[in-house]
Every structure is written in structure tokens, then in C-alpha cells.
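The structure under discussion appears below in the form of C-alpha cells.
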Amino acid sequence: MRRLGSVAAAVFAAFAVSIVAAHPGSPDDQAALSGLSEVKVAFDLTNGDGKALLTQLNVIDEARQSLMKQGVKPQFVLAFRGPATKLVQTDQSQIKAEDREHAAKIAEKIGALRSADGIASIEQCGVAVRLAGTKPEDVVRGVKVVGNSWISLMAYQAKGYGYISP
């Protein structure tokens, strides 16, 4: 019985070593990032659900930090428009009650990102402000109101920025 136990332990140990060998370390993006020293991306943020928009901002920040850890300098533009407009302004009466807590966390996240390495600009579409019935002066501190984010997004792409619409 003792021999069977030691055989089982040896088989288990060999199995565990094979798993570690097949998946050494944590995943990285070195193959895709090979030869790059910088990436430029404009994120088109339109999600009107507070929880989902906050998650998107957290994942964007995670990507920013991961790029830096992997030796690639990010240059990110965050462009808010559409339904996201109401989540990046300070007039609580414009925010659905169920999104107010998330909107406060979104404002905190924007505050942290506006001075973070790798963030080139954080922008809010002026057209979306007008259409949403909000006011430019109520946009969260650290977010620049631009005339039309479609024009801004076109310009960033012309300057070599990739486009991501999460």
C-alpha cells in the first residue's frame, strides 16, 4: 500500500511539473509587442452603464500598466461620447440613481488617470454634451471638452493612433 502511495505521489509530481513547464511564468504580450517602443491608441468610450464604463476604464488602466511593465510606452486618448456623457459630469440630477455610485468612482478613476504616465488626453465630445442636455462646465475635472469627438478621433487616427471601441 505504501508503494502505491509513493507511485501516486510521483505521478502527481510529474503531472504538476509538466503543467508548470507548459505554462511557465505569467502570460505576456511580447510576441505582439516585438520591435515596438510605443503604442498610440484612442479609446472611443460610449457605454452608458456606470458599472460597465468603470470596468472599461479599469481594464484600459491595466493595459497601460502592463504595456509599461513590458517596456512599451503607451500613449492613450480616452474619448467619451454618446451615453457615457452623463457618467462623466458632475450634475447628479443628470445621472440615473443606480449609476451615481459608479459615476463617483468613474470621476475618481479619471482623476487618477489624468496625471498617469501614458495618458495623452481625456476628452468629452461637445456635440454629445449638447445632445445629452448637460453642460460643458459640469464635465468632470480633468476631462477636456472638444468640439466633436468624431473629428478628434479621425485626427488621432491620421496621427497614427489605433482606434478601439470597447
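Ordering of the C-alpha cells sets the chain letters (A, B, ...), residue numbers begin anew at 1 in every chain, and ligands are numbered from 1 in the order given.
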
Practice prompt. Name the residues in contact with A:Ser165 at a cut-off of 9 Å, using only C-alpha atoms, excluding same-chain residues fewer than 6 positions from it; report them as a PyMOL selection string.
Written response: chain A and resi 42-46

Discussion item. Would you pick out the contacts of stretch 28-38 of chain A at 6 Å or less, using only C-alpha atoms, so that residues sharing its chain but fewer than 2 positions from it are not included, and give the list as a ChimeraX atom specification?
Written reply: /A:72-74

Discussion item. According to DSSP computed on the backbone, where in stretch 47-165 of chain A is there strand (DSSP E or B)? Give the residues as a PyMOL selection string.
Written reply: chain A and resi 73-80+89+119-125+139+144-146+162-164

Practice prompt. List every residue of chain A that DSSP, applied to the backbone of this structure, assigns to helix (DSSP H, G or I), and report them as number ranges by chain.
Written response: A: 2-22, 30-33, 50-69, 82-88, 92-94, 97-113, 126-132, 136-138, 149-158

Discussion item. As a list in words, please: the residues near A:Glu137 (cut-off 10 Å, only C-alpha atoms, same-chain neighbours under 3 positions excluded).
Written reply: Gln89, Thr90, Asp91, Thr134, Val140, Arg141 and Val145 of chain A

Worksheet item: Any idea what's packed within 12 Å of stretch 123-131 of chain A, counting only C-alpha atoms, ignoring anything in its chain fewer than 6 positions away? Could you give it as an MDAnalysis selection string?
Response: chainID A and resid 42:46 76:89 94 110 114 137:153

Worksheet entry | Counting only C-alpha atoms, the residue of A:Lys159, A:Val39, A:Pro166, A:Leu57 that sits nearest A:Glu108 |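 Closest candidate: A:Leu57.
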
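The space separating atom CA of A:Gly71 from atom CA of A:Val59 comes to 18.4 Å.
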
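The closest residue to A:Ser26, picked from A:Ser66, A:Asn47, A:Gln92, A:Gln56 and counting only C-alpha atoms, is A:Ser66.
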
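For the residues A:Ala97, A:Ala52, A:Met68, A:Val41, ranking by smallest atom-to-atom distance to A:Tyr156 using only C-alpha atoms places A:Val41 first.
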
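Proximity ranking of A:Ala116, A:Ala63, A:Ala132, A:Ala158 relative to A:Ile95 places A:Ala132 first, based on only C-alpha atoms.
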
Practice prompt. Considering only C-alpha atoms, state which residue in the set A:Ala112, A:Gln65, A:Lys105, A:Gly133 is at the smallest distance from A:Ser93.
Written response: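 Closest to A:Ser93 of all the choices is A:Gly133.
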
Item to complete: Have a look at A:Ala155, A:Ile164, A:Leu67, A:Ala103 and name the one nearest to A:Gly118; count only C-alpha atoms.
Response: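 Nearest to A:Gly118: A:Leu67.
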